[in-house]
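Chemist: Below is the structure I would like to discuss, written out as structure tokens.
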Amino acid sequence: MTTLQEIAGTLERGEAEPLAGLVRRALDEGIPARTILDDGLIAGMAAVGEKFKCHEIFLPDVLMAAKAMYAGMDVLKPLLAAEGAPERGRVAIGSVQGDLHDIGKNLVGIMLRGAGFEVIDLGNDVPPERFAEAVEKEGATVIGMSALLTTTMASMSKTVSLLEERGLRGKARVLVGGAPVSEEFAQSIGADAYAFDAASAVDRVKLLIEGDGA
Ligand code: B12
């Protein structure tokens with residue numbers, strides 16, 4: 001079994017400390033941090049999602065896996081966020097109202113910081129008003145919303161409407177993401193961009209802030 005497979009398996013079993021050790025070992029073996037993230041941690045979490053869907057494992061198991069995921073991410077964080085350029089723009093990110101999933105949102109934050117953007121992390125269960133406030137009071141020029149539940153995707157649309165109502169669409173661009181979110185959905189609610197994962201989120205933010213006259 002390769003170290004990456006061991007990482008995925010250990011994450012599935014929710015073993016936080018051994019997982020952190022394995023991630024360090026993988027780094028010692030010269031495996032790049034991004035590969036460890038994608039083919040170890042995220043691969044393990046995808047398997048957890050499948051097993052949860054099929055009722056092979058239950059919520060406490062998923063929670064343990066999430067804790068292990070964070071233990072692994074902590075080891076990788078300084079490497080993923082390696083030396084960015086000086087600040088390039090201010091992005092407010094959050095998991096939308098009703099949504100407590102924050103692993104993906106936090107990864108997006110880590111990557112954006114690494115690319116030199118200032119990130120305001122609004123946390124999870126973030127109501128539309130809080131996103132609007134981040135533009136009005138904290139000068140965010142990009143809003144990044146994350147949703148992992150089909151039921152909370154509606155809050156993205158509510159936030160876009162609120163930003164419109166308050167005349168803030170000219171001040172901040174809206175980026176959306178999360179497993180159930182798609183390009184089509186993003187367009188249907190009037191978001192400015194969608195990104196599939198944290199790495200492409202960085203590309204999209206670059207375009208939104210620098211690329212198209214935003
Ligand atoms: C871990 C997990 C949990 C943990 C969350 C812990 C935490 N701190 O986040 C806990 C145990 C709390 C949990 C709870 C629940 N969960 Co849950 N959970 C998951 C699981 C297994 C993994 C999610 C994850 O972290 N993936 C790893 C990260 C890295 O991936 P990601 O989040 O998709 O993020 C990437 C991209 O989507 C993107 N991205 C994410 N956000 C953003 C934002 C922007 C701006 C951009 C550009 C990109 C972007 O970039 C990220 C990195 O590449 C998923 C299964 C799955 N396959 O997604 C179910 C899943 C999301 N959960 C599900 C459910 C049903 C629930 C509960 C309702 C269960 C219950 N009965 O209580 C509750 C709801 C709690 C709530 N109100 O939010 C369902 C959702 C079904 C649906 N379609 O709505 C899923 C799909 C499981 C399933 N297959 O049934 N869950």
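Residues in the structure tokens are named by chain (A, B, ... in the order shown) and by number from 1 within that chain; ligands are numbered from 1 in the order shown.
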Residues at most 7 Å from ligand 1, using only C-alpha atoms and all ligand atoms? Could they come as a VMD selection string?
Modeler: chain A and resid 42 45 to 46 48 to 50 52 to 53 59 to 60 62 to 63 65 to 66 93 98 to 105 107 to 108 144 to 151 175 to 180 194 to 199 201
Chemist: Apply DSSP to the structure's backbone, then extract all residues of range 28-138 of chain A labelled strand (DSSP E or B) and return them as a list in words.
Modeler: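 Filtering range 28-138 of chain A down to strand (DSSP E or B) leaves Arg90, Val91, Ala92, Ile93, Gly94, Ser95, Val96, Glu118, Val119, Ile120, Asp121 and Val126 of chain A.
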Chemist: Please produce a file of those selected residues containing C-alpha atoms, as a CSV table (one decimal), in the first residue's frame.
Modeler:
chain,number,residue,atom,x,y,z
A,90,ARG,CA,-9.9,41.3,-0.2
A,91,VAL,CA,-12.1,38.2,-0.3
A,92,ALA,CA,-14.8,37.4,2.3
A,93,ILE,CA,-15.6,33.7,2.4
A,94,GLY,CA,-18.2,31.7,4.3
A,95,SER,CA,-20.4,28.7,4.3
A,96,VAL,CA,-23.9,29.9,3.7
A,118,GLU,CA,-6.4,38.9,2.1
A,119,VAL,CA,-9.1,36.6,3.3
A,120,ILE,CA,-11.9,37.5,5.7
A,121,ASP,CA,-13.3,34.2,7.0
A,126,VAL,CA,-23.4,32.8,7.5
Chemist: If you run DSSP on this backbone, which residues of range 95-205 of chain A come out as helix (DSSP H, G or I), and could you give them as a PDB file with N, CA, C and O atoms, in the first residue's frame?
Modeler:
ATOM      1  N   ILE A 103     -14.932  22.391   5.682  1.00  0.00           N
ATOM      2  CA  ILE A 103     -13.602  21.918   5.274  1.00  0.00           C
ATOM      3  C   ILE A 103     -13.224  22.496   3.904  1.00  0.00           C
ATOM      4  O   ILE A 103     -12.132  23.050   3.730  1.00  0.00           O
ATOM      5  N   GLY A 104     -14.148  22.386   2.945  1.00  0.00           N
ATOM      6  CA  GLY A 104     -13.875  22.888   1.594  1.00  0.00           C
ATOM      7  C   GLY A 104     -13.670  24.393   1.598  1.00  0.00           C
ATOM      8  O   GLY A 104     -12.731  24.907   0.991  1.00  0.00           O
ATOM      9  N   LYS A 105     -14.544  25.091   2.322  1.00  0.00           N
ATOM     10  CA  LYS A 105     -14.428  26.562   2.429  1.00  0.00           C
ATOM     11  C   LYS A 105     -13.063  26.943   3.015  1.00  0.00           C
ATOM     12  O   LYS A 105     -12.400  27.864   2.548  1.00  0.00           O
ATOM     13  N   ASN A 106     -12.634  26.208   4.045  1.00  0.00           N
ATOM     14  CA  ASN A 106     -11.334  26.527   4.660  1.00  0.00           C
ATOM     15  C   ASN A 106     -10.176  26.263   3.707  1.00  0.00           C
ATOM     16  O   ASN A 106      -9.188  27.002   3.703  1.00  0.00           O
ATOM     17  N   LEU A 107     -10.314  25.212   2.904  1.00  0.00           N
ATOM     18  CA  LEU A 107      -9.262  24.944   1.908  1.00  0.00           C
ATOM     19  C   LEU A 107      -9.168  26.090   0.902  1.00  0.00           C
ATOM     20  O   LEU A 107      -8.075  26.514   0.525  1.00  0.00           O
ATOM     21  N   VAL A 108     -10.342  26.569   0.484  1.00  0.00           N
ATOM     22  CA  VAL A 108     -10.359  27.696  -0.450  1.00  0.00           C
ATOM     23  C   VAL A 108      -9.632  28.888   0.199  1.00  0.00           C
ATOM     24  O   VAL A 108      -8.807  29.552  -0.435  1.00  0.00           O
ATOM     25  N   GLY A 109      -9.904  29.114   1.485  1.00  0.00           N
ATOM     26  CA  GLY A 109      -9.245  30.213   2.199  1.00  0.00           C
ATOM     27  C   GLY A 109      -7.732  30.046   2.241  1.00  0.00           C
ATOM     28  O   GLY A 109      -6.983  30.998   2.000  1.00  0.00           O
ATOM     29  N   ILE A 110      -7.286  28.822   2.535  1.00  0.00           N
ATOM     30  CA  ILE A 110      -5.840  28.560   2.609  1.00  0.00           C
ATOM     31  C   ILE A 110      -5.168  28.864   1.263  1.00  0.00           C
ATOM     32  O   ILE A 110      -4.134  29.528   1.181  1.00  0.00           O
ATOM     33  N   MET A 111      -5.805  28.386   0.186  1.00  0.00           N
ATOM     34  CA  MET A 111      -5.217  28.578  -1.153  1.00  0.00           C
ATOM     35  C   MET A 111      -5.216  30.058  -1.547  1.00  0.00           C
ATOM     36  O   MET A 111      -4.261  30.540  -2.154  1.00  0.00           O
ATOM     37  N   LEU A 112      -6.293  30.750  -1.209  1.00  0.00           N
ATOM     38  CA  LEU A 112      -6.359  32.175  -1.570  1.00  0.00           C
ATOM     39  C   LEU A 112      -5.298  32.970  -0.819  1.00  0.00           C
ATOM     40  O   LEU A 112      -4.621  33.827  -1.397  1.00  0.00           O
ATOM     41  N   ARG A 113      -5.147  32.655   0.473  1.00  0.00           N
ATOM     42  CA  ARG A 113      -4.112  33.352   1.253  1.00  0.00           C
ATOM     43  C   ARG A 113      -2.749  33.076   0.638  1.00  0.00           C
ATOM     44  O   ARG A 113      -1.912  33.968   0.520  1.00  0.00           O
ATOM     45  N   GLY A 114      -2.550  31.812   0.262  1.00  0.00           N
ATOM     46  CA  GLY A 114      -1.278  31.417  -0.338  1.00  0.00           C
ATOM     47  C   GLY A 114      -1.000  32.172  -1.625  1.00  0.00           C
ATOM     48  O   GLY A 114       0.148  32.399  -1.985  1.00  0.00           O
ATOM     49  N   PRO A 128     -27.197  36.031   4.746  1.00  0.00           N
ATOM     50  CA  PRO A 128     -26.938  36.990   3.658  1.00  0.00           C
ATOM     51  C   PRO A 128     -26.495  38.357   4.180  1.00  0.00           C
ATOM     52  O   PRO A 128     -25.589  38.974   3.610  1.00  0.00           O
ATOM     53  N   GLU A 129     -27.109  38.813   5.279  1.00  0.00           N
ATOM     54  CA  GLU A 129     -26.779  40.141   5.826  1.00  0.00           C
ATOM     55  C   GLU A 129     -25.291  40.248   6.165  1.00  0.00           C
ATOM     56  O   GLU A 129     -24.678  41.289   5.989  1.00  0.00           O
ATOM     57  N   ARG A 130     -24.721  39.143   6.674  1.00  0.00           N
ATOM     58  CA  ARG A 130     -23.314  39.183   7.081  1.00  0.00           C
ATOM     59  C   ARG A 130     -22.398  39.326   5.859  1.00  0.00           C
ATOM     60  O   ARG A 130     -21.376  40.011   5.922  1.00  0.00           O
ATOM     61  N   PHE A 131     -22.773  38.651   4.763  1.00  0.00           N
ATOM     62  CA  PHE A 131     -21.969  38.798   3.540  1.00  0.00           C
ATOM     63  C   PHE A 131     -22.043  40.254   3.063  1.00  0.00           C
ATOM     64  O   PHE A 131     -21.033  40.851   2.680  1.00  0.00           O
ATOM     65  N   ALA A 132     -23.261  40.817   3.095  1.00  0.00           N
ATOM     66  CA  ALA A 132     -23.432  42.208   2.634  1.00  0.00           C
ATOM     67  C   ALA A 132     -22.597  43.151   3.508  1.00  0.00           C
ATOM     68  O   ALA A 132     -21.934  44.062   3.000  1.00  0.00           O
ATOM     69  N   GLU A 133     -22.618  42.893   4.799  1.00  0.00           N
ATOM     70  CA  GLU A 133     -21.847  43.712   5.738  1.00  0.00           C
ATOM     71  C   GLU A 133     -20.345  43.668   5.426  1.00  0.00           C
ATOM     72  O   GLU A 133     -19.638  44.678   5.559  1.00  0.00           O
ATOM     73  N   ALA A 134     -19.878  42.507   5.015  1.00  0.00           N
ATOM     74  CA  ALA A 134     -18.446  42.366   4.699  1.00  0.00           C
ATOM     75  C   ALA A 134     -18.061  43.280   3.541  1.00  0.00           C
ATOM     76  O   ALA A 134     -16.936  43.775   3.477  1.00  0.00           O
ATOM     77  N   VAL A 135     -18.998  43.507   2.625  1.00  0.00           N
ATOM     78  CA  VAL A 135     -18.729  44.422   1.515  1.00  0.00           C
ATOM     79  C   VAL A 135     -18.828  45.863   2.015  1.00  0.00           C
ATOM     80  O   VAL A 135     -17.933  46.684   1.784  1.00  0.00           O
ATOM     81  N   GLU A 136     -19.911  46.139   2.740  1.00  0.00           N
ATOM     82  CA  GLU A 136     -20.169  47.521   3.172  1.00  0.00           C
ATOM     83  C   GLU A 136     -19.135  48.023   4.181  1.00  0.00           C
ATOM     84  O   GLU A 136     -18.636  49.135   4.075  1.00  0.00           O
ATOM     85  N   THR A 150     -27.890  20.572  -0.655  1.00  0.00           N
ATOM     86  CA  THR A 150     -28.779  21.111  -1.688  1.00  0.00           C
ATOM     87  C   THR A 150     -29.760  22.105  -1.059  1.00  0.00           C
ATOM     88  O   THR A 150     -30.129  23.089  -1.685  1.00  0.00           O
ATOM     89  N   THR A 151     -30.129  21.855   0.203  1.00  0.00           N
ATOM     90  CA  THR A 151     -31.102  22.733   0.866  1.00  0.00           C
ATOM     91  C   THR A 151     -30.541  24.118   1.178  1.00  0.00           C
ATOM     92  O   THR A 151     -31.301  25.065   1.321  1.00  0.00           O
ATOM     93  N   THR A 152     -29.233  24.251   1.308  1.00  0.00           N
ATOM     94  CA  THR A 152     -28.683  25.572   1.661  1.00  0.00           C
ATOM     95  C   THR A 152     -28.260  26.389   0.429  1.00  0.00           C
ATOM     96  O   THR A 152     -27.919  27.565   0.563  1.00  0.00           O
ATOM     97  N   MET A 153     -28.325  25.751  -0.746  1.00  0.00           N
ATOM     98  CA  MET A 153     -27.939  26.490  -1.959  1.00  0.00           C
ATOM     99  C   MET A 153     -28.816  27.723  -2.161  1.00  0.00           C
ATOM    100  O   MET A 153     -28.375  28.736  -2.694  1.00  0.00           O
ATOM    101  N   ALA A 154     -30.077  27.633  -1.679  1.00  0.00           N
ATOM    102  CA  ALA A 154     -31.010  28.757  -1.843  1.00  0.00           C
ATOM    103  C   ALA A 154     -30.485  30.017  -1.157  1.00  0.00           C
ATOM    104  O   ALA A 154     -30.767  31.136  -1.601  1.00  0.00           O
ATOM    105  N   SER A 155     -29.703  29.831  -0.106  1.00  0.00           N
ATOM    106  CA  SER A 155     -29.175  30.990   0.610  1.00  0.00           C
ATOM    107  C   SER A 155     -28.190  31.782  -0.261  1.00  0.00           C
ATOM    108  O   SER A 155     -28.016  32.991  -0.070  1.00  0.00           O
ATOM    109  N   MET A 156     -27.557  31.087  -1.215  1.00  0.00           N
ATOM    110  CA  MET A 156     -26.643  31.794  -2.133  1.00  0.00           C
ATOM    111  C   MET A 156     -27.434  32.795  -2.963  1.00  0.00           C
ATOM    112  O   MET A 156     -27.026  33.935  -3.154  1.00  0.00           O
ATOM    113  N   SER A 157     -28.576  32.313  -3.442  1.00  0.00           N
ATOM    114  CA  SER A 157     -29.423  33.164  -4.259  1.00  0.00           C
ATOM    115  C   SER A 157     -29.937  34.356  -3.442  1.00  0.00           C
ATOM    116  O   SER A 157     -29.964  35.495  -3.916  1.00  0.00           O
ATOM    117  N   LYS A 158     -30.300  34.074  -2.180  1.00  0.00           N
ATOM    118  CA  LYS A 158     -30.783  35.166  -1.306  1.00  0.00           C
ATOM    119  C   LYS A 158     -29.698  36.208  -1.100  1.00  0.00           C
ATOM    120  O   LYS A 158     -29.960  37.404  -1.061  1.00  0.00           O
ATOM    121  N   THR A 159     -28.458  35.738  -0.943  1.00  0.00           N
ATOM    122  CA  THR A 159     -27.349  36.684  -0.732  1.00  0.00           C
ATOM    123  C   THR A 159     -27.137  37.552  -1.963  1.00  0.00           C
ATOM    124  O   THR A 159     -26.957  38.770  -1.849  1.00  0.00           O
ATOM    125  N   VAL A 160     -27.187  36.913  -3.146  1.00  0.00           N
ATOM    126  CA  VAL A 160     -27.019  37.692  -4.383  1.00  0.00           C
ATOM    127  C   VAL A 160     -28.113  38.752  -4.465  1.00  0.00           C
ATOM    128  O   VAL A 160     -27.846  39.923  -4.762  1.00  0.00           O
ATOM    129  N   SER A 161     -29.356  38.372  -4.148  1.00  0.00           N
ATOM    130  CA  SER A 161     -30.468  39.335  -4.202  1.00  0.00           C
ATOM    131  C   SER A 161     -30.252  40.486  -3.222  1.00  0.00           C
ATOM    132  O   SER A 161     -30.491  41.650  -3.546  1.00  0.00           O
ATOM    133  N   LEU A 162     -29.785  40.146  -2.033  1.00  0.00           N
ATOM    134  CA  LEU A 162     -29.569  41.192  -1.023  1.00  0.00           C
ATOM    135  C   LEU A 162     -28.473  42.166  -1.470  1.00  0.00           C
ATOM    136  O   LEU A 162     -28.594  43.387  -1.300  1.00  0.00           O
ATOM    137  N   LEU A 163     -27.405  41.615  -2.043  1.00  0.00           N
ATOM    138  CA  LEU A 163     -26.326  42.485  -2.530  1.00  0.00           C
ATOM    139  C   LEU A 163     -26.874  43.434  -3.594  1.00  0.00           C
ATOM    140  O   LEU A 163     -26.528  44.614  -3.639  1.00  0.00           O
ATOM    141  N   GLU A 164     -27.764  42.900  -4.455  1.00  0.00           N
ATOM    142  CA  GLU A 164     -28.372  43.728  -5.492  1.00  0.00           C
ATOM    143  C   GLU A 164     -29.216  44.830  -4.868  1.00  0.00           C
ATOM    144  O   GLU A 164     -29.060  46.009  -5.188  1.00  0.00           O
ATOM    145  N   GLU A 165     -30.080  44.409  -3.936  1.00  0.00           N
ATOM    146  CA  GLU A 165     -30.968  45.365  -3.251  1.00  0.00           C
ATOM    147  C   GLU A 165     -30.189  46.516  -2.629  1.00  0.00           C
ATOM    148  O   GLU A 165     -30.621  47.653  -2.648  1.00  0.00           O
ATOM    149  N   GLU A 183     -21.759  25.227 -12.465  1.00  0.00           N
ATOM    150  CA  GLU A 183     -21.676  26.421 -13.322  1.00  0.00           C
ATOM    151  C   GLU A 183     -23.091  26.910 -13.675  1.00  0.00           C
ATOM    152  O   GLU A 183     -23.382  28.105 -13.584  1.00  0.00           O
ATOM    153  N   GLU A 184     -23.949  25.975 -14.037  1.00  0.00           N
ATOM    154  CA  GLU A 184     -25.321  26.328 -14.445  1.00  0.00           C
ATOM    155  C   GLU A 184     -26.057  26.997 -13.289  1.00  0.00           C
ATOM    156  O   GLU A 184     -26.739  27.993 -13.460  1.00  0.00           O
ATOM    157  N   PHE A 185     -25.897  26.398 -12.081  1.00  0.00           N
ATOM    158  CA  PHE A 185     -26.555  26.976 -10.917  1.00  0.00           C
ATOM    159  C   PHE A 185     -26.028  28.387 -10.673  1.00  0.00           C
ATOM    160  O   PHE A 185     -26.797  29.322 -10.424  1.00  0.00           O
ATOM    161  N   ALA A 186     -24.710  28.537 -10.761  1.00  0.00           N
ATOM    162  CA  ALA A 186     -24.092  29.850 -10.531  1.00  0.00           C
ATOM    163  C   ALA A 186     -24.706  30.883 -11.480  1.00  0.00           C
ATOM    164  O   ALA A 186     -25.090  31.981 -11.070  1.00  0.00           O
ATOM    165  N   GLN A 187     -24.832  30.493 -12.753  1.00  0.00           N
ATOM    166  CA  GLN A 187     -25.404  31.423 -13.727  1.00  0.00           C
ATOM    167  C   GLN A 187     -26.863  31.721 -13.407  1.00  0.00           C
ATOM    168  O   GLN A 187     -27.312  32.860 -13.500  1.00  0.00           O
ATOM    169  N   SER A 188     -27.586  30.677 -12.989  1.00  0.00           N
ATOM    170  CA  SER A 188     -29.023  30.852 -12.758  1.00  0.00           C
ATOM    171  C   SER A 188     -29.310  31.828 -11.618  1.00  0.00           C
ATOM    172  O   SER A 188     -30.357  32.456 -11.596  1.00  0.00           O
ATOM    173  N   ALA A 198     -10.557  24.229  -4.828  1.00  0.00           N
ATOM    174  CA  ALA A 198      -9.856  25.359  -4.232  1.00  0.00           C
ATOM    175  C   ALA A 198      -8.813  25.958  -5.181  1.00  0.00           C
ATOM    176  O   ALA A 198      -8.628  27.174  -5.222  1.00  0.00           O
ATOM    177  N   ALA A 199      -8.156  25.104  -5.958  1.00  0.00           N
ATOM    178  CA  ALA A 199      -7.131  25.624  -6.866  1.00  0.00           C
ATOM    179  C   ALA A 199      -7.778  26.481  -7.952  1.00  0.00           C
ATOM    180  O   ALA A 199      -7.295  27.577  -8.269  1.00  0.00           O
ATOM    181  N   SER A 200      -8.893  26.000  -8.512  1.00  0.00           N
ATOM    182  CA  SER A 200      -9.521  26.829  -9.557  1.00  0.00           C
ATOM    183  C   SER A 200     -10.201  28.051  -8.952  1.00  0.00           C
ATOM    184  O   SER A 200     -10.390  29.055  -9.645  1.00  0.00           O
ATOM    185  N   ALA A 201     -10.537  27.991  -7.646  1.00  0.00           N
ATOM    186  CA  ALA A 201     -11.094  29.178  -6.994  1.00  0.00           C
ATOM    187  C   ALA A 201     -10.081  30.329  -7.071  1.00  0.00           C
ATOM    188  O   ALA A 201     -10.441  31.486  -7.312  1.00  0.00           O
ATOM    189  N   VAL A 202      -8.808  29.999  -6.888  1.00  0.00           N
ATOM    190  CA  VAL A 202      -7.760  31.025  -6.957  1.00  0.00           C
ATOM    191  C   VAL A 202      -7.736  31.655  -8.354  1.00  0.00           C
ATOM    192  O   VAL A 202      -7.705  32.879  -8.505  1.00  0.00           O
ATOM    193  N   ASP A 203      -7.805  30.811  -9.385  1.00  0.00           N
ATOM    194  CA  ASP A 203      -7.793  31.334 -10.759  1.00  0.00           C
ATOM    195  C   ASP A 203      -8.987  32.252 -11.004  1.00  0.00           C
ATOM    196  O   ASP A 203      -8.870  33.294 -11.642  1.00  0.00           O
ATOM    197  N   ARG A 204     -10.145  31.825 -10.512  1.00  0.00           N
ATOM    198  CA  ARG A 204     -11.356  32.626 -10.729  1.00  0.00           C
ATOM    199  C   ARG A 204     -11.249  33.978 -10.014  1.00  0.00           C
ATOM    200  O   ARG A 204     -11.630  35.000 -10.568  1.00  0.00           O
ATOM    201  N   VAL A 205     -10.740  33.960  -8.776  1.00  0.00           N
ATOM    202  CA  VAL A 205     -10.626  35.218  -8.033  1.00  0.00           C
ATOM    203  C   VAL A 205      -9.642  36.153  -8.729  1.00  0.00           C
ATOM    204  O   VAL A 205      -9.881  37.352  -8.852  1.00  0.00           O
TER     205      VAL A 205
END
Chemist: Provide the CA of Leu4 in chain A to CA of Thr35 in chain A distance in Å, to one decimal place.
Modeler: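 That distance, rounded to one decimal, is 8.6 Å.
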Chemist: Could you jot down the CA of Val181 in chain A to CA of Leu207 in chain A separation for me, Å, one decimal place?
Modeler: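 If I compute the distance from CA of Val181 in chain A to CA of Leu207 in chain A, I get 19.7 Å.
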Chemist: So the first atom is CA of Arg173 in chain A and the second is CA of Gly139 in chain A; what is the distance between them in Å, to one decimal place?
Modeler: 11.8 Å
